[in-house]
Each structure stands twice: as C-alpha cells, then as structure tokens.
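Q: Hey, dropping input-v4.pdb in here, PDB, N, CA and C atoms, pLDDT in the B column:
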```
ATOM      1  N   MET A   1       7.939  -8.954  -5.129  1.00 91.00           N
ATOM      2  CA  MET A   1       7.536  -7.577  -5.284  1.00 91.00           C
ATOM      3  C   MET A   1       6.289  -7.520  -6.162  1.00 91.00           C
ATOM      4  N   VAL A   2       5.429  -6.582  -5.812  1.00 94.00           N
ATOM      5  CA  VAL A   2       4.212  -6.361  -6.586  1.00 94.00           C
ATOM      6  C   VAL A   2       4.046  -4.853  -6.786  1.00 94.00           C
ATOM      7  N   LYS A   3       3.639  -4.474  -7.999  1.00 95.00           N
ATOM      8  CA  LYS A   3       3.385  -3.067  -8.299  1.00 95.00           C
ATOM      9  C   LYS A   3       1.876  -2.880  -8.414  1.00 95.00           C
ATOM     10  N   LEU A   4       1.371  -1.884  -7.703  1.00 94.00           N
ATOM     11  CA  LEU A   4      -0.061  -1.611  -7.673  1.00 94.00           C
ATOM     12  C   LEU A   4      -0.336  -0.156  -8.007  1.00 94.00           C
ATOM     13  N   ASN A   5      -1.483   0.103  -8.586  1.00 95.00           N
ATOM     14  CA  ASN A   5      -1.991   1.458  -8.773  1.00 95.00           C
ATOM     15  C   ASN A   5      -3.194   1.603  -7.855  1.00 95.00           C
ATOM     16  N   ILE A   6      -3.036   2.326  -6.774  1.00 95.00           N
ATOM     17  CA  ILE A   6      -4.070   2.434  -5.753  1.00 95.00           C
ATOM     18  C   ILE A   6      -5.110   3.456  -6.195  1.00 95.00           C
ATOM     19  N   LEU A   7      -6.370   3.000  -6.246  1.00 94.00           N
ATOM     20  CA  LEU A   7      -7.486   3.862  -6.610  1.00 94.00           C
ATOM     21  C   LEU A   7      -8.437   4.078  -5.440  1.00 94.00           C
ATOM     22  N   ASN A   8      -8.343   3.229  -4.421  1.00 94.00           N
ATOM     23  CA  ASN A   8      -9.192   3.336  -3.236  1.00 94.00           C
ATOM     24  C   ASN A   8      -8.281   3.228  -2.004  1.00 94.00           C
ATOM     25  N   MET A   9      -7.770   4.362  -1.574  1.00 95.00           N
ATOM     26  CA  MET A   9      -6.778   4.379  -0.491  1.00 95.00           C
ATOM     27  C   MET A   9      -7.351   3.838   0.817  1.00 95.00           C
ATOM     28  N   GLU A  10      -8.583   4.153   1.122  1.00 95.00           N
ATOM     29  CA  GLU A  10      -9.172   3.700   2.387  1.00 95.00           C
ATOM     30  C   GLU A  10      -9.205   2.175   2.465  1.00 95.00           C
ATOM     31  N   ARG A  11      -9.683   1.526   1.429  1.00 95.00           N
ATOM     32  CA  ARG A  11      -9.738   0.055   1.426  1.00 95.00           C
ATOM     33  C   ARG A  11      -8.343  -0.546   1.379  1.00 95.00           C
ATOM     34  N   PHE A  12      -7.436   0.083   0.635  1.00 96.00           N
ATOM     35  CA  PHE A  12      -6.069  -0.423   0.560  1.00 96.00           C
ATOM     36  C   PHE A  12      -5.415  -0.416   1.938  1.00 96.00           C
ATOM     37  N   LEU A  13      -5.504   0.710   2.638  1.00 96.00           N
ATOM     38  CA  LEU A  13      -4.872   0.800   3.954  1.00 96.00           C
ATOM     39  C   LEU A  13      -5.552  -0.125   4.966  1.00 96.00           C
ATOM     40  N   SER A  14      -6.838  -0.305   4.848  1.00 96.00           N
ATOM     41  CA  SER A  14      -7.534  -1.249   5.718  1.00 96.00           C
ATOM     42  C   SER A  14      -6.989  -2.661   5.502  1.00 96.00           C
ATOM     43  N   THR A  15      -6.774  -3.019   4.254  1.00 96.00           N
ATOM     44  CA  THR A  15      -6.216  -4.340   3.930  1.00 96.00           C
ATOM     45  C   THR A  15      -4.791  -4.464   4.456  1.00 96.00           C
ATOM     46  N   VAL A  16      -3.978  -3.439   4.233  1.00 97.00           N
ATOM     47  CA  VAL A  16      -2.588  -3.451   4.716  1.00 97.00           C
ATOM     48  C   VAL A  16      -2.555  -3.578   6.232  1.00 97.00           C
ATOM     49  N   ASN A  17      -3.406  -2.835   6.920  1.00 97.00           N
ATOM     50  CA  ASN A  17      -3.399  -2.853   8.389  1.00 97.00           C
ATOM     51  C   ASN A  17      -3.913  -4.165   8.972  1.00 97.00           C
ATOM     52  N   SER A  18      -4.564  -4.989   8.158  1.00 96.00           N
ATOM     53  CA  SER A  18      -5.011  -6.297   8.633  1.00 96.00           C
ATOM     54  C   SER A  18      -3.929  -7.364   8.454  1.00 96.00           C
ATOM     55  N   CYS A  19      -2.823  -7.011   7.830  1.00 97.00           N
ATOM     56  CA  CYS A  19      -1.728  -7.962   7.616  1.00 97.00           C
ATOM     57  C   CYS A  19      -1.015  -8.257   8.930  1.00 97.00           C
ATOM     58  N   THR A  20      -0.438  -9.459   9.015  1.00 96.00           N
ATOM     59  CA  THR A  20       0.264  -9.862  10.235  1.00 96.00           C
ATOM     60  C   THR A  20       1.749  -9.534  10.193  1.00 96.00           C
ATOM     61  N   GLY A  21       2.289  -9.373   8.996  1.00 96.00           N
ATOM     62  CA  GLY A  21       3.717  -9.075   8.859  1.00 96.00           C
ATOM     63  C   GLY A  21       3.946  -7.706   8.261  1.00 96.00           C
ATOM     64  N   LYS A  22       5.203  -7.440   7.948  1.00 97.00           N
ATOM     65  CA  LYS A  22       5.565  -6.165   7.347  1.00 97.00           C
ATOM     66  C   LYS A  22       5.074  -6.093   5.904  1.00 97.00           C
ATOM     67  N   VAL A  23       4.652  -4.905   5.528  1.00 97.00           N
ATOM     68  CA  VAL A  23       4.329  -4.597   4.139  1.00 97.00           C
ATOM     69  C   VAL A  23       5.236  -3.433   3.776  1.00 97.00           C
ATOM     70  N   ASN A  24       6.325  -3.738   3.078  1.00 98.00           N
ATOM     71  CA  ASN A  24       7.324  -2.722   2.771  1.00 98.00           C
ATOM     72  C   ASN A  24       7.033  -2.040   1.443  1.00 98.00           C
ATOM     73  N   MET A  25       7.015  -0.713   1.489  1.00 97.00           N
ATOM     74  CA  MET A  25       6.916   0.097   0.287  1.00 97.00           C
ATOM     75  C   MET A  25       8.346   0.303  -0.207  1.00 97.00           C
ATOM     76  N   LEU A  26       8.564   0.065  -1.494  1.00 97.00           N
ATOM     77  CA  LEU A  26       9.876   0.260  -2.078  1.00 97.00           C
ATOM     78  C   LEU A  26       9.956   1.674  -2.633  1.00 97.00           C
ATOM     79  N   CYS A  27      10.858   2.462  -2.086  1.00 93.00           N
ATOM     80  CA  CYS A  27      11.009   3.867  -2.469  1.00 93.00           C
ATOM     81  C   CYS A  27      11.934   3.983  -3.680  1.00 93.00           C
ATOM     82  N   PRO A  28      11.811   5.074  -4.450  1.00 89.00           N
ATOM     83  CA  PRO A  28      12.682   5.269  -5.618  1.00 89.00           C
ATOM     84  C   PRO A  28      14.177   5.263  -5.286  1.00 89.00           C
ATOM     85  N   ASP A  29      14.534   5.664  -4.061  1.00 93.00           N
ATOM     86  CA  ASP A  29      15.950   5.693  -3.675  1.00 93.00           C
ATOM     87  C   ASP A  29      16.449   4.337  -3.164  1.00 93.00           C
ATOM     88  N   GLY A  30      15.595   3.305  -3.230  1.00 91.00           N
ATOM     89  CA  GLY A  30      15.993   1.964  -2.819  1.00 91.00           C
ATOM     90  C   GLY A  30      15.645   1.600  -1.391  1.00 91.00           C
ATOM     91  N   LYS A  31      15.183   2.580  -0.609  1.00 96.00           N
ATOM     92  CA  LYS A  31      14.805   2.290   0.774  1.00 96.00           C
ATOM     93  C   LYS A  31      13.520   1.480   0.815  1.00 96.00           C
ATOM     94  N   LYS A  32      13.369   0.717   1.889  1.00 97.00           N
ATOM     95  CA  LYS A  32      12.140  -0.023   2.160  1.00 97.00           C
ATOM     96  C   LYS A  32      11.521   0.561   3.416  1.00 97.00           C
ATOM     97  N   VAL A  33      10.228   0.897   3.343  1.00 97.00           N
ATOM     98  CA  VAL A  33       9.530   1.494   4.467  1.00 97.00           C
ATOM     99  C   VAL A  33       8.294   0.660   4.768  1.00 97.00           C
ATOM    100  N   ASN A  34       8.200   0.160   5.998  1.00 97.00           N
ATOM    101  CA  ASN A  34       7.022  -0.598   6.408  1.00 97.00           C
ATOM    102  C   ASN A  34       5.828   0.350   6.506  1.00 97.00           C
ATOM    103  N   ILE A  35       4.706  -0.008   5.859  1.00 97.00           N
ATOM    104  CA  ILE A  35       3.509   0.832   5.919  1.00 97.00           C
ATOM    105  C   ILE A  35       2.411   0.199   6.768  1.00 97.00           C
ATOM    106  N   ASN A  36       2.614  -1.019   7.238  1.00 97.00           N
ATOM    107  CA  ASN A  36       1.607  -1.710   8.036  1.00 97.00           C
ATOM    108  C   ASN A  36       1.512  -1.094   9.424  1.00 97.00           C
ATOM    109  N   GLY A  37       0.394  -0.424   9.689  1.00 95.00           N
ATOM    110  CA  GLY A  37       0.153   0.160  10.998  1.00 95.00           C
ATOM    111  C   GLY A  37       0.949   1.424  11.275  1.00 95.00           C
ATOM    112  N   GLU A  38       1.651   1.941  10.287  1.00 96.00           N
ATOM    113  CA  GLU A  38       2.499   3.126  10.462  1.00 96.00           C
ATOM    114  C   GLU A  38       1.698   4.374  10.076  1.00 96.00           C
ATOM    115  N   GLU A  39       1.096   5.006  11.071  1.00 96.00           N
ATOM    116  CA  GLU A  39       0.183   6.125  10.840  1.00 96.00           C
ATOM    117  C   GLU A  39       0.846   7.301  10.121  1.00 96.00           C
ATOM    118  N   THR A  40       2.063   7.640  10.503  1.00 96.00           N
ATOM    119  CA  THR A  40       2.758   8.766   9.878  1.00 96.00           C
ATOM    120  C   THR A  40       3.008   8.501   8.394  1.00 96.00           C
ATOM    121  N   VAL A  41       3.465   7.312   8.081  1.00 96.00           N
ATOM    122  CA  VAL A  41       3.728   6.939   6.687  1.00 96.00           C
ATOM    123  C   VAL A  41       2.415   6.917   5.905  1.00 96.00           C
ATOM    124  N   GLN A  42       1.368   6.382   6.522  1.00 97.00           N
ATOM    125  CA  GLN A  42       0.074   6.312   5.845  1.00 97.00           C
ATOM    126  C   GLN A  42      -0.507   7.703   5.600  1.00 97.00           C
ATOM    127  N   ASP A  43      -0.297   8.632   6.519  1.00 97.00           N
ATOM    128  CA  ASP A  43      -0.741  10.014   6.310  1.00 97.00           C
ATOM    129  C   ASP A  43      -0.037  10.618   5.094  1.00 97.00           C
ATOM    130  N   HIS A  44       1.247  10.340   4.959  1.00 96.00           N
ATOM    131  CA  HIS A  44       2.011  10.833   3.815  1.00 96.00           C
ATOM    132  C   HIS A  44       1.472  10.223   2.506  1.00 96.00           C
ATOM    133  N   LEU A  45       1.151   8.934   2.539  1.00 97.00           N
ATOM    134  CA  LEU A  45       0.582   8.281   1.352  1.00 97.00           C
ATOM    135  C   LEU A  45      -0.760   8.903   0.970  1.00 97.00           C
ATOM    136  N   TRP A  46      -1.586   9.224   1.984  1.00 97.00           N
ATOM    137  CA  TRP A  46      -2.868   9.889   1.730  1.00 97.00           C
ATOM    138  C   TRP A  46      -2.644  11.224   1.021  1.00 97.00           C
ATOM    139  N   GLN A  47      -1.654  11.982   1.469  1.00 97.00           N
ATOM    140  CA  GLN A  47      -1.352  13.277   0.855  1.00 97.00           C
ATOM    141  C   GLN A  47      -0.959  13.110  -0.608  1.00 97.00           C
ATOM    142  N   GLN A  48      -0.090  12.138  -0.876  1.00 96.00           N
ATOM    143  CA  GLN A  48       0.329  11.880  -2.258  1.00 96.00           C
ATOM    144  C   GLN A  48      -0.864  11.444  -3.110  1.00 96.00           C
ATOM    145  N   TYR A  49      -1.687  10.596  -2.556  1.00 97.00           N
ATOM    146  CA  TYR A  49      -2.876  10.085  -3.240  1.00 97.00           C
ATOM    147  C   TYR A  49      -3.802  11.243  -3.623  1.00 97.00           C
ATOM    148  N   CYS A  50      -4.045  12.153  -2.705  1.00 97.00           N
ATOM    149  CA  CYS A  50      -4.917  13.305  -2.969  1.00 97.00           C
ATOM    150  C   CYS A  50      -4.292  14.248  -3.996  1.00 97.00           C
ATOM    151  N   GLN A  51      -2.996  14.463  -3.908  1.00 97.00           N
ATOM    152  CA  GLN A  51      -2.306  15.326  -4.870  1.00 97.00           C
ATOM    153  C   GLN A  51      -2.361  14.743  -6.280  1.00 97.00           C
ATOM    154  N   ASN A  52      -2.372  13.412  -6.376  1.00 95.00           N
ATOM    155  CA  ASN A  52      -2.438  12.727  -7.676  1.00 95.00           C
ATOM    156  C   ASN A  52      -3.879  12.492  -8.131  1.00 95.00           C
ATOM    157  N   GLU A  53      -4.819  13.189  -7.518  1.00 95.00           N
ATOM    158  CA  GLU A  53      -6.242  13.080  -7.874  1.00 95.00           C
ATOM    159  C   GLU A  53      -6.763  11.645  -7.733  1.00 95.00           C
ATOM    160  N   ASN A  54      -6.557  11.083  -6.525  1.00 95.00           N
ATOM    161  CA  ASN A  54      -7.054   9.757  -6.147  1.00 95.00           C
ATOM    162  C   ASN A  54      -6.436   8.614  -6.951  1.00 95.00           C
ATOM    163  N   TYR A  55      -5.122   8.693  -7.075  1.00 95.00           N
ATOM    164  CA  TYR A  55      -4.356   7.667  -7.778  1.00 95.00           C
ATOM    165  C   TYR A  55      -2.963   7.635  -7.163  1.00 95.00           C
ATOM    166  N   LEU A  56      -2.449   6.439  -6.874  1.00 96.00           N
ATOM    167  CA  LEU A  56      -1.106   6.348  -6.305  1.00 96.00           C
ATOM    168  C   LEU A  56      -0.443   5.034  -6.732  1.00 96.00           C
ATOM    169  N   PRO A  57       0.619   5.112  -7.543  1.00 96.00           N
ATOM    170  CA  PRO A  57       1.363   3.895  -7.884  1.00 96.00           C
ATOM    171  C   PRO A  57       2.309   3.533  -6.740  1.00 96.00           C
ATOM    172  N   LEU A  58       2.330   2.251  -6.392  1.00 96.00           N
ATOM    173  CA  LEU A  58       3.207   1.766  -5.318  1.00 96.00           C
ATOM    174  C   LEU A  58       3.861   0.456  -5.724  1.00 96.00           C
ATOM    175  N   ALA A  59       5.074   0.249  -5.246  1.00 97.00           N
ATOM    176  CA  ALA A  59       5.749  -1.039  -5.350  1.00 97.00           C
ATOM    177  C   ALA A  59       5.891  -1.560  -3.924  1.00 97.00           C
ATOM    178  N   LEU A  60       5.440  -2.785  -3.705  1.00 97.00           N
ATOM    179  CA  LEU A  60       5.438  -3.359  -2.359  1.00 97.00           C
ATOM    180  C   LEU A  60       6.214  -4.667  -2.317  1.00 97.00           C
ATOM    181  N   GLU A  61       6.810  -4.912  -1.167  1.00 97.00           N
ATOM    182  CA  GLU A  61       7.455  -6.186  -0.870  1.00 97.00           C
ATOM    183  C   GLU A  61       6.728  -6.758   0.350  1.00 97.00           C
ATOM    184  N   ILE A  62       6.112  -7.911   0.181  1.00 97.00           N
ATOM    185  CA  ILE A  62       5.284  -8.500   1.228  1.00 97.00           C
ATOM    186  C   ILE A  62       5.842  -9.886   1.530  1.00 97.00           C
ATOM    187  N   SER A  63       6.377 -10.059   2.729  1.00 92.00           N
ATOM    188  CA  SER A  63       7.082 -11.298   3.046  1.00 92.00           C
ATOM    189  C   SER A  63       6.156 -12.459   3.404  1.00 92.00           C
ATOM    190  N   ASN A  64       5.046 -12.186   4.057  1.00 96.00           N
ATOM    191  CA  ASN A  64       4.125 -13.241   4.482  1.00 96.00           C
ATOM    192  C   ASN A  64       3.212 -13.622   3.309  1.00 96.00           C
ATOM    193  N   PRO A  65       3.227 -14.896   2.881  1.00 96.00           N
ATOM    194  CA  PRO A  65       2.401 -15.316   1.738  1.00 96.00           C
ATOM    195  C   PRO A  65       0.900 -15.033   1.929  1.00 96.00           C
ATOM    196  N   ARG A  66       0.394 -15.198   3.128  1.00 96.00           N
ATOM    197  CA  ARG A  66      -1.029 -14.930   3.379  1.00 96.00           C
ATOM    198  C   ARG A  66      -1.342 -13.438   3.213  1.00 96.00           C
ATOM    199  N   ASP A  67      -0.455 -12.585   3.721  1.00 97.00           N
ATOM    200  CA  ASP A  67      -0.613 -11.138   3.550  1.00 97.00           C
ATOM    201  C   ASP A  67      -0.557 -10.773   2.070  1.00 97.00           C
ATOM    202  N   TYR A  68       0.379 -11.392   1.342  1.00 96.00           N
ATOM    203  CA  TYR A  68       0.515 -11.148  -0.096  1.00 96.00           C
ATOM    204  C   TYR A  68      -0.799 -11.462  -0.807  1.00 96.00           C
ATOM    205  N   MET A  69      -1.373 -12.617  -0.503  1.00 95.00           N
ATOM    206  CA  MET A  69      -2.631 -13.018  -1.148  1.00 95.00           C
ATOM    207  C   MET A  69      -3.771 -12.084  -0.769  1.00 95.00           C
ATOM    208  N   ASN A  70      -3.815 -11.620   0.476  1.00 94.00           N
ATOM    209  CA  ASN A  70      -4.862 -10.680   0.886  1.00 94.00           C
ATOM    210  C   ASN A  70      -4.771  -9.368   0.101  1.00 94.00           C
ATOM    211  N   ILE A  71      -3.573  -8.859  -0.086  1.00 95.00           N
ATOM    212  CA  ILE A  71      -3.398  -7.601  -0.813  1.00 95.00           C
ATOM    213  C   ILE A  71      -3.703  -7.796  -2.296  1.00 95.00           C
ATOM    214  N   VAL A  72      -3.244  -8.895  -2.881  1.00 94.00           N
ATOM    215  CA  VAL A  72      -3.538  -9.167  -4.293  1.00 94.00           C
ATOM    216  C   VAL A  72      -5.040  -9.364  -4.491  1.00 94.00           C
ATOM    217  N   SER A  73      -5.693 -10.037  -3.563  1.00 92.00           N
ATOM    218  CA  SER A  73      -7.145 -10.232  -3.660  1.00 92.00           C
ATOM    219  C   SER A  73      -7.889  -8.900  -3.541  1.00 92.00           C
ATOM    220  N   TYR A  74      -7.442  -8.033  -2.634  1.00 88.00           N
ATOM    221  CA  TYR A  74      -8.028  -6.692  -2.534  1.00 88.00           C
ATOM    222  C   TYR A  74      -7.893  -5.996  -3.883  1.00 88.00           C
ATOM    223  N   TYR A  75      -6.685  -6.035  -4.440  1.00 87.00           N
ATOM    224  CA  TYR A  75      -6.414  -5.295  -5.669  1.00 87.00           C
ATOM    225  C   TYR A  75      -7.235  -5.825  -6.839  1.00 87.00           C
ATOM    226  N   ALA A  76      -7.352  -7.136  -6.939  1.00 87.00           N
ATOM    227  CA  ALA A  76      -8.128  -7.745  -8.025  1.00 87.00           C
ATOM    228  C   ALA A  76      -9.601  -7.348  -7.903  1.00 87.00           C
ATOM    229  N   GLY A  77     -10.111  -7.241  -6.694  1.00 81.00           N
ATOM    230  CA  GLY A  77     -11.500  -6.874  -6.487  1.00 81.00           C
ATOM    231  C   GLY A  77     -11.753  -5.385  -6.650  1.00 81.00           C
ATOM    232  N   ASP A  78     -10.704  -4.565  -6.536  1.00 64.00           N
ATOM    233  CA  ASP A  78     -10.859  -3.120  -6.619  1.00 64.00           C
ATOM    234  C   ASP A  78     -10.797  -2.615  -8.057  1.00 64.00           C
ATOM    235  N   CYS A  79     -10.256  -3.420  -8.951  1.00 53.00           N
ATOM    236  CA  CYS A  79     -10.094  -2.973 -10.353  1.00 53.00           C
ATOM    237  C   CYS A  79     -11.354  -3.160 -11.172  1.00 53.00           C
TER     238      CYS A  79
END
```
Please go through the file and, once you have read it, give me the structure as structure tokens.

A:
Amino acid sequence: MVKLNILNMERFLSTVNSCTGKVNMLCPDGKKVNINGEETVQDHLWQQYCQNENYLPLALEISNPRDYMNIVSYYAGDC
C-alpha cells in the first residue's frame, strides 16, 4: 500500500491509465475500487480533487511491481 497526496490529477490519471494491472483505491469503509481505466470512478476523483482545491489524498494498492514503480516515480517527480 502507498499513500499519496495528488496535486496534479491529469498526470496522475495518465500514469494510472498506463498501468497493466489493477490500481486499487482503498476506501475508508475498507472497500477496494480499481481506478485503472475506470472513467466513472476517475470522474468522481476529479470532482473530489476540485472540491479540495486541487488536492486529493489517496491510499492505493498496486499489485504489479512495474506499475507500482511507475506510480511512485510519477509521484516523486511531481513533488
């Protein structure tokens, strides 16, 4: 699991959508929701991001090691 504070939603979603496996968002109620390529879920994330004035904390579970490294590399470069 990795916790991220998203400051650039467009680049974050582009990185997520380039992943080959599932990228699960961990919800406060314990549910896991795949956000990779899921337009409806991503639209909801955009709404939350805008409501939070371009900031969104997320906890993710990424099963594919290559996908994990791509997301961590995106995040390190975005900070």

Q: Between A:Met69, A:Cys50, A:Leu56, A:Met1, which one has atoms that come closest to Val16 of chain A, using only C-alpha atoms?

A: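 Nearest to Val16 of chain A: A:Met69.
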
Q: Enter the distance from atom N of Asn54 of chain A to atom CA of Leu7 of chain A, in Å, rounded to one decimal.

A: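 Computing it gives 7.3 Å between the two atoms.
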
Q: If you apply the PyMOL selection byres ((chain A and resi 61) around 8) to this file, what residues do you get, as a list of chain:residue names?

A: A:Met1, A:Val2, A:Lys3, A:Lys22, A:Val23, A:Asn24, A:Met25, A:Leu26, A:Lys32, A:Leu58, A:Ala59, A:Leu60, A:Ile62, A:Ser63, A:Asn64, A:Tyr68

Q: DSSP on the backbone, then: every residue of chain A marked strand (DSSP E or B), written as an NGL selection string.

A: :A and (2-6 or 23-26 or 32-34 or 56-62)

Q: Report, in Å with one decimal, the straight-line distance from atom CA of Thr15 of chain A to atom CA of Asn36 of chain A.

A: 9.2 Å

Q: Please measure the separation of atom CA of Pro65 of chain A and atom CA of Gln48 of chain A, giving the value in Å to one decimal.

A: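 Going from atom CA of Pro65 of chain A over to atom CA of Gln48 of chain A, I get 27.6 Å.
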
Q: Please return the centre and edge lengths, in Å to one decimal, of a box with edges along x, y and z that contains all listed atoms of segment 46-51 of chain A, widened by 8 Å on every side, as JSON.

A:
```
{"center_x": -2.3, "center_y": 12.3, "center_z": -2.1, "size_x": 21.2, "size_y": 22.1, "size_z": 24.3}
```

Q: Just give me the residues with any atom within 12 Å of (-5.5, 0.8, -11.8), file coordinates, counting only C-alpha atoms, written as a list in words.

A: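 Answer for this query, in the requested form: Lys3, Leu4, Asn5, Ile6, Leu7, Asn8, Met9, Asn54, Tyr55, Leu56, Pro57, Leu58, Tyr75, Ala76, Gly77, Asp78 and Cys79 of chain A.
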
Q: Taking the DSSP assignment computed from this structure's backbone, write out as a ChimeraX atom specification all residues of segment 41-74 of chain A that belong to alpha helix (DSSP H).

A: /A:41-51,65-74

Q: Starting from the PyMOL selection byres ((chain A and resi 37-39) around 8), expand the selection into actual residues of this file and give them as a PyMOL selection string.

A: chain A and resi 13+16-19+23+34-36+40-45
